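The file data11.cif comes next; it holds mmCIF, C-alpha atoms.
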data_data
#
loop_
_atom_site.group_PDB
_atom_site.id
_atom_site.type_symbol
_atom_site.label_atom_id
_atom_site.label_comp_id
_atom_site.auth_asym_id
_atom_site.auth_seq_id
_atom_site.Cartn_x
_atom_site.Cartn_y
_atom_site.Cartn_z
ATOM 1 C CA MET K 1 15.372 -9.868 -6.937
ATOM 2 C CA ASP K 2 12.375 -7.800 -5.975
ATOM 3 C CA GLY K 3 12.664 -8.860 -2.364
ATOM 4 C CA MET K 4 16.339 -7.954 -2.259
ATOM 5 C CA MET K 5 15.635 -4.395 -3.442
ATOM 6 C CA LYS K 6 12.795 -4.019 -0.974
ATOM 7 C CA ALA K 7 14.977 -5.274 1.842
ATOM 8 C CA SER K 8 17.793 -2.862 1.003
ATOM 9 C CA ALA K 9 15.352 0.035 0.829
ATOM 10 C CA ALA K 10 13.764 -1.016 4.123
ATOM 11 C CA ALA K 11 17.174 -1.204 5.779
ATOM 12 C CA LEU K 12 18.051 2.312 4.613
ATOM 13 C CA ILE K 13 14.697 3.661 5.774
ATOM 14 C CA ALA K 14 15.088 1.898 9.107
ATOM 15 C CA ALA K 15 18.566 3.383 9.545
ATOM 16 C CA MET K 16 17.291 6.895 8.912
ATOM 17 C CA LEU K 17 14.199 6.502 11.106
ATOM 18 C CA GLY K 18 16.401 4.957 13.764
ATOM 19 C CA ILE K 19 18.425 8.132 13.997
ATOM 20 C CA ILE K 20 15.248 10.145 14.530
ATOM 21 C CA LEU K 21 13.873 7.676 17.060
ATOM 22 C CA GLN K 22 17.145 7.610 19.022
ATOM 23 C CA LYS K 23 16.387 11.094 20.201
ATOM 24 C CA GLN K 24 12.725 10.516 20.917
ATOM 25 C CA GLY K 25 13.009 7.160 22.618
ATOM 26 C CA LYS K 26 15.864 4.719 22.213
ATOM 27 C CA GLU K 27 13.677 1.681 22.747
ATOM 28 C CA TYR K 28 11.788 2.288 19.520
ATOM 29 C CA ALA K 29 15.004 2.417 17.550
ATOM 30 C CA LEU K 30 15.903 -1.021 18.880
ATOM 31 C CA VAL K 31 12.450 -2.416 18.136
ATOM 32 C CA LEU K 32 12.670 -1.029 14.598
ATOM 33 C CA LEU K 33 16.064 -2.685 14.225
ATOM 34 C CA LEU K 34 14.609 -5.978 15.456
ATOM 35 C CA ALA K 35 11.694 -5.815 13.035
ATOM 36 C CA VAL K 36 13.738 -5.037 9.932
ATOM 37 C CA GLY K 37 16.453 -7.504 10.947
ATOM 38 C CA ALA K 38 13.934 -10.297 11.456
ATOM 39 C CA MET K 39 12.146 -9.625 8.161
ATOM 40 C CA GLY K 40 15.392 -9.380 6.190
ATOM 41 C CA THR K 41 16.750 -12.587 7.709
ATOM 42 C CA CYS K 42 13.501 -14.416 6.904
ATOM 43 C CA LEU K 43 13.874 -13.255 3.309
ATOM 44 C CA ALA K 44 17.503 -14.416 3.186
ATOM 45 C CA LEU K 45 16.522 -17.814 4.588
ATOM 46 C CA SER K 46 13.807 -18.188 1.992
ATOM 47 C CA TYR K 47 16.490 -17.727 -0.666
ATOM 48 C CA ILE K 48 18.674 -20.323 1.077
ATOM 49 C CA ARG K 49 15.950 -22.974 1.219
ATOM 50 C CA PRO K 50 16.474 -24.347 -2.331
ATOM 51 C CA VAL K 51 20.243 -24.405 -1.746
ATOM 52 C CA LEU K 52 19.734 -26.598 1.324
ATOM 53 C CA SER K 53 17.509 -29.023 -0.565
ATOM 54 C CA PHE K 54 20.212 -29.174 -3.247
ATOM 55 C CA LEU K 55 22.727 -30.050 -0.514
ATOM 56 C CA GLU K 56 20.461 -32.855 0.602
ATOM 57 C CA ARG K 57 20.357 -34.175 -2.953
ATOM 58 C CA LEU K 58 24.157 -34.123 -3.022
ATOM 59 C CA ARG K 59 24.252 -36.007 0.258
ATOM 60 C CA ASP K 60 21.964 -38.678 -1.169
ATOM 61 C CA LEU K 61 24.163 -38.970 -4.245
ATOM 62 C CA ALA K 62 27.286 -39.351 -2.124
ATOM 63 C CA ASN K 63 25.599 -41.857 0.227
ATOM 64 C CA LEU K 64 26.668 -39.869 3.248
ATOM 65 C CA ASP K 65 25.274 -40.445 6.692
ATOM 66 C CA ASN K 66 22.142 -38.396 7.380
ATOM 67 C CA ASP K 67 23.426 -37.228 10.752
ATOM 68 C CA VAL K 68 26.528 -35.561 9.379
ATOM 69 C CA LEU K 69 24.615 -33.091 7.230
ATOM 70 C CA LYS K 70 22.149 -32.429 10.044
ATOM 71 C CA ILE K 71 24.979 -31.581 12.431
ATOM 72 C CA LEU K 72 26.554 -29.281 9.869
ATOM 73 C CA LEU K 73 23.283 -27.494 9.224
ATOM 74 C CA LYS K 74 22.578 -27.098 12.930
ATOM 75 C CA ALA K 75 26.025 -25.599 13.385
ATOM 76 C CA VAL K 76 25.359 -23.116 10.585
ATOM 77 C CA GLY K 77 22.005 -22.211 12.130
ATOM 78 C CA ILE K 78 23.479 -21.703 15.590
ATOM 79 C CA GLY K 79 26.289 -19.563 14.218
ATOM 80 C CA MET K 80 23.909 -17.432 12.180
ATOM 81 C CA ILE K 81 21.449 -16.809 15.007
ATOM 82 C CA GLY K 82 24.248 -16.099 17.472
ATOM 83 C CA GLU K 83 25.884 -13.655 15.078
ATOM 84 C CA ILE K 84 22.695 -11.729 14.257
ATOM 85 C CA CYS K 85 21.442 -11.518 17.825
ATOM 86 C CA GLY K 86 24.921 -10.525 19.006
ATOM 87 C CA ALA K 87 25.068 -7.757 16.411
ATOM 88 C CA ILE K 88 21.654 -6.436 17.476
ATOM 89 C CA CYS K 89 22.733 -6.510 21.138
ATOM 90 C CA SER K 90 25.936 -4.626 20.423
ATOM 91 C CA ASP K 91 23.957 -2.097 18.360
ATOM 92 C CA SER K 92 21.916 -1.321 21.435
ATOM 93 C CA GLY K 93 25.095 -0.849 23.425
ATOM 94 C CA ASN K 94 25.275 -4.195 25.247
ATOM 95 C CA SER K 95 28.531 -5.530 23.832
ATOM 96 C CA SER K 96 28.851 -7.835 26.860
ATOM 97 C CA LEU K 97 25.683 -9.639 25.787
ATOM 98 C CA ALA K 98 27.096 -9.930 22.296
ATOM 99 C CA LYS K 99 30.296 -11.514 23.641
ATOM 100 C CA MET K 100 28.244 -13.883 25.754
ATOM 101 C CA LEU K 101 26.247 -14.920 22.695
ATOM 102 C CA GLN K 102 29.445 -15.502 20.711
ATOM 103 C CA LEU K 103 30.800 -17.707 23.475
ATOM 104 C CA LEU K 104 27.507 -19.552 23.756
ATOM 105 C CA SER K 105 27.249 -20.257 20.033
ATOM 106 C CA ALA K 106 30.880 -21.439 19.877
ATOM 107 C CA ALA K 107 30.334 -23.746 22.853
ATOM 108 C CA ALA K 108 27.076 -25.092 21.397
ATOM 109 C CA ILE K 109 28.702 -25.821 18.031
ATOM 110 C CA LEU K 110 31.614 -27.624 19.702
ATOM 111 C CA TRP K 111 29.195 -29.689 21.764
ATOM 112 C CA LEU K 112 27.187 -30.506 18.634
ATOM 113 C CA SER K 113 30.226 -31.698 16.722
ATOM 114 C CA LEU K 114 31.396 -34.124 19.443
ATOM 115 C CA PRO K 115 29.876 -37.191 17.719
ATOM 116 C CA ILE K 116 31.685 -36.370 14.470
ATOM 117 C CA MET K 117 34.968 -35.824 16.302
ATOM 118 C CA GLU K 118 34.537 -39.163 18.102
ATOM 119 C CA GLN K 119 33.943 -40.876 14.756
ATOM 120 C CA VAL K 120 37.133 -39.327 13.394
ATOM 121 C CA MET K 121 39.067 -40.493 16.491
ATOM 122 C CA ASP K 122 37.736 -44.036 16.086
ATOM 123 C CA LEU K 123 38.727 -44.009 12.427
ATOM 124 C CA ILE K 124 42.239 -42.800 13.264
ATOM 125 C CA ALA K 125 42.540 -45.487 15.973
ATOM 126 C CA GLU K 126 41.492 -48.158 13.465
ATOM 127 C CA VAL K 127 44.017 -46.954 10.922
ATOM 128 C CA LEU K 128 46.790 -46.871 13.544
ATOM 129 C CA GLU K 129 45.922 -50.371 14.717
ATOM 130 C CA GLY K 130 46.133 -51.608 11.186
ATOM 131 C CA LEU K 131 49.643 -50.212 10.724
ATOM 132 C CA MET O 1 9.841 -15.939 -5.283
ATOM 133 C CA CYS O 2 10.970 -19.398 -4.162
ATOM 134 C CA ARG O 3 10.393 -21.926 -6.935
ATOM 135 C CA ARG O 4 10.546 -25.112 -4.923
ATOM 136 C CA CYS O 5 8.891 -24.027 -1.725
ATOM 137 C CA THR O 6 7.009 -27.215 -1.051
ATOM 138 C CA GLY O 7 5.887 -28.099 2.423
ATOM 139 C CA CYS O 8 6.707 -24.798 4.075
ATOM 140 C CA THR O 9 5.119 -24.438 7.438
ATOM 141 C CA VAL O 10 5.815 -20.727 7.479
ATOM 142 C CA SER O 11 4.359 -18.789 4.570
ATOM 143 C CA VAL O 12 7.167 -16.901 2.875
ATOM 144 C CA LYS O 13 5.867 -13.389 2.657
ATOM 145 C CA SER O 14 7.610 -10.516 1.024
ATOM 146 C CA MET O 15 8.830 -7.751 3.289
ATOM 147 C CA ASN O 16 6.064 -5.476 4.444
ATOM 148 C CA ILE O 17 7.619 -2.080 4.826
ATOM 149 C CA ASP O 18 4.405 -0.823 6.432
ATOM 150 C CA LEU O 19 5.551 -2.280 9.730
ATOM 151 C CA VAL O 20 8.622 -0.036 9.662
ATOM 152 C CA PHE O 21 6.519 3.089 9.251
ATOM 153 C CA LYS O 22 4.011 1.955 11.850
ATOM 154 C CA ILE O 23 6.730 1.477 14.452
ATOM 155 C CA ALA O 24 8.282 4.849 13.665
ATOM 156 C CA ALA O 25 4.891 6.560 13.818
ATOM 157 C CA VAL O 26 4.027 4.962 17.162
ATOM 158 C CA GLY O 27 7.414 5.959 18.527
ATOM 159 C CA ILE O 28 7.116 9.590 17.515
ATOM 160 C CA ILE O 29 3.504 9.911 18.679
ATOM 161 C CA THR O 30 4.418 8.313 22.001
ATOM 162 C CA SER O 31 7.248 10.710 22.598
ATOM 163 C CA ILE O 32 5.012 13.689 21.815
ATOM 164 C CA LEU O 33 2.289 12.388 24.154
ATOM 165 C CA ASN O 34 4.944 11.765 26.773
ATOM 166 C CA GLN O 35 6.148 15.334 26.591
ATOM 167 C CA VAL O 36 2.616 16.744 26.696
ATOM 168 C CA LEU O 37 1.691 14.679 29.745
ATOM 169 C CA THR O 38 4.941 15.461 31.541
ATOM 170 C CA ARG O 39 4.621 19.173 30.946
ATOM 171 C CA SER O 40 1.077 19.172 32.317
ATOM 172 C CA GLY O 41 2.334 17.472 35.451
ATOM 173 C CA ARG O 42 0.943 13.954 34.995
ATOM 174 C CA ASP O 43 4.150 12.003 35.235
ATOM 175 C CA GLU O 44 2.693 8.615 36.104
ATOM 176 C CA GLN O 45 0.279 8.748 33.181
ATOM 177 C CA ALA O 46 3.197 9.614 30.921
ATOM 178 C CA THR O 47 5.119 6.568 32.137
ATOM 179 C CA MET O 48 2.098 4.305 31.710
ATOM 180 C CA THR O 49 1.492 5.580 28.194
ATOM 181 C CA THR O 50 5.119 4.996 27.246
ATOM 182 C CA LEU O 51 5.056 1.457 28.610
ATOM 183 C CA ALA O 52 1.739 0.637 26.962
ATOM 184 C CA ALA O 53 2.929 1.891 23.579
ATOM 185 C CA LEU O 54 6.126 -0.109 23.934
ATOM 186 C CA VAL O 55 4.142 -3.261 24.666
ATOM 187 C CA VAL O 56 1.951 -2.658 21.610
ATOM 188 C CA VAL O 57 4.978 -2.211 19.370
ATOM 189 C CA LEU O 58 6.687 -5.282 20.829
ATOM 190 C CA MET O 59 3.604 -7.368 20.071
ATOM 191 C CA MET O 60 3.736 -6.193 16.459
ATOM 192 C CA VAL O 61 7.380 -7.187 16.188
ATOM 193 C CA ALA O 62 7.012 -10.464 18.137
ATOM 194 C CA ARG O 63 5.203 -11.973 15.170
ATOM 195 C CA GLU O 64 8.128 -11.290 12.849
ATOM 196 C CA ILE O 65 10.625 -12.673 15.360
ATOM 197 C CA SER O 66 8.602 -15.826 15.921
ATOM 198 C CA ASP O 67 8.388 -16.320 12.140
ATOM 199 C CA LEU O 68 12.166 -15.992 11.944
ATOM 200 C CA PHE O 69 12.810 -18.591 14.635
ATOM 201 C CA THR O 70 10.256 -20.989 13.178
ATOM 202 C CA LEU O 71 11.932 -20.686 9.794
ATOM 203 C CA VAL O 72 15.391 -21.269 11.290
ATOM 204 C CA LYS O 73 14.150 -24.316 13.201
ATOM 205 C CA GLU O 74 12.565 -25.750 10.091
ATOM 206 C CA LEU O 75 15.445 -25.082 7.687
ATOM 207 C CA PHE O 76 18.336 -26.147 9.903
ATOM 208 C CA HIS O 77 16.670 -29.260 11.354
ATOM 209 C CA PHE O 78 16.496 -28.190 14.986
#

Hey, can you dump this file as structure tokens for me?
Amino acid sequence: MDGMMKASAAALIAAMLGIILQKQGKEYALVLLLAVGAMGTCLALSYIRPVLSFLERLRDLANLDNDVLKILLKAVGIGMIGEICGAICSDSGNSSLAKMLQLLSAAAILWLSLPIMEQVMDLIAEVLEGL
Amino acid sequence: MCRRCTGCTVSVKSMNIDLVFKIAAVGIITSILNQVLTRSGRDEQATMTTLAALVVVLMMVAREISDLFTLVKELFHF
């Protein structure tokens, strides 16, 4: 939990320094935000890594298709990146960019999940034919 | 920190808080230099100094951002 404490402290320090830097030069506040956000997210992902390998073990146990888990993970990744980058954009005052990123990540996730939805449709068609 | 970190392409480093202080220091020094140069009438040098300092700071941060995206690509199978 050492990393978690360090990250919380760094976020607090970055928030305070950001207030000072806003007056001196707003661009440095944004760059500071980027740096701390990137480092904290890397730390969070390093905690998530064992959880993902556990999920892959579960998938092997359940004999699920490899593609399904990959699509799910990609969707999670897209959502996470879109959310974080959108939040940073809206912090710097560009809420329109944040909305654009939200729309983009939603559209990308829908596009990604088309194969799964087609599989579900085929399954439903099979079941209805059998009735 | 991570017990089963086998085969990582990106080395998981703990947060270096030094970067935070470096960025803040560069920002404050740049703004002071900017004011000094503007007051002594050298506006274009002030602008160039500001831009150069911003580029330096962005290069420092670009490493962290590229590490983040590499990690996301590797973890989420992109």

Set the cut-off to 7 Å and count only C-alpha atoms: what are the residues of chain O that reach chain K? Output as an mmCIF file with C-alpha atoms, in the coordinates of the input.
data_model
loop_
_atom_site.group_PDB
_atom_site.id
_atom_site.type_symbol
_atom_site.label_atom_id
_atom_site.label_comp_id
_atom_site.auth_asym_id
_atom_site.auth_seq_id
_atom_site.Cartn_x
_atom_site.Cartn_y
_atom_site.Cartn_z
ATOM 1 C CA CYS O 2 10.970 -19.398 -4.162
ATOM 2 C CA ARG O 4 10.546 -25.112 -4.923
ATOM 3 C CA VAL O 12 7.167 -16.901 2.875
ATOM 4 C CA SER O 14 7.610 -10.516 1.024
ATOM 5 C CA MET O 15 8.830 -7.751 3.289
ATOM 6 C CA ILE O 17 7.619 -2.080 4.826
ATOM 7 C CA VAL O 20 8.622 -0.036 9.662
ATOM 8 C CA ILE O 23 6.730 1.477 14.452
ATOM 9 C CA ALA O 24 8.282 4.849 13.665
ATOM 10 C CA GLY O 27 7.414 5.959 18.527
ATOM 11 C CA ILE O 28 7.116 9.590 17.515
ATOM 12 C CA SER O 31 7.248 10.710 22.598
ATOM 13 C CA LEU O 58 6.687 -5.282 20.829
ATOM 14 C CA VAL O 61 7.380 -7.187 16.188
ATOM 15 C CA GLU O 64 8.128 -11.290 12.849
ATOM 16 C CA ILE O 65 10.625 -12.673 15.360
ATOM 17 C CA LEU O 68 12.166 -15.992 11.944
ATOM 18 C CA VAL O 72 15.391 -21.269 11.290
ATOM 19 C CA LEU O 75 15.445 -25.082 7.687
ATOM 20 C CA PHE O 76 18.336 -26.147 9.903
ATOM 21 C CA HIS O 77 16.670 -29.260 11.354
ATOM 22 C CA PHE O 78 16.496 -28.190 14.986
#

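Here the PyMOL selection byres ((chain O and resi 42-54) around 9) matches the residues Glu27, Tyr28 and Val31 of chain K; Val26, Gly27, Thr30, Ser31, Leu33, Asn34, Gln35, Val36, Leu37, Thr38, Arg39, Ser40, Gly41, Val55, Val56, Val57, Leu58 and Met59 of chain O.
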
In Å, rounded to a single decimal, give me how far atom CA of Ala87 of chain K is from atom CA of Leu101 of chain K.
9.6 Å

If I take atom CA of Ile116 of chain K and atom CA of Val68 of chain K, how far is one from the other in Å, to one decimal?
7.3 Å

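Taking atom CA of Gly79 of chain K and atom CA of Ile109 of chain K as the two end points, the separation is 7.7 Å.
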
Produce the centre coordinates and the three edge lengths, each in Å to one decimal, of the box along x, y and z that contains all listed atoms of segment 67-73 of chain O with 8 Å added on each side, as JSON.
{"center_x": 11.9, "center_y": -20.2, "center_z": 12.2, "size_x": 23.0, "size_y": 24.3, "size_z": 20.8}
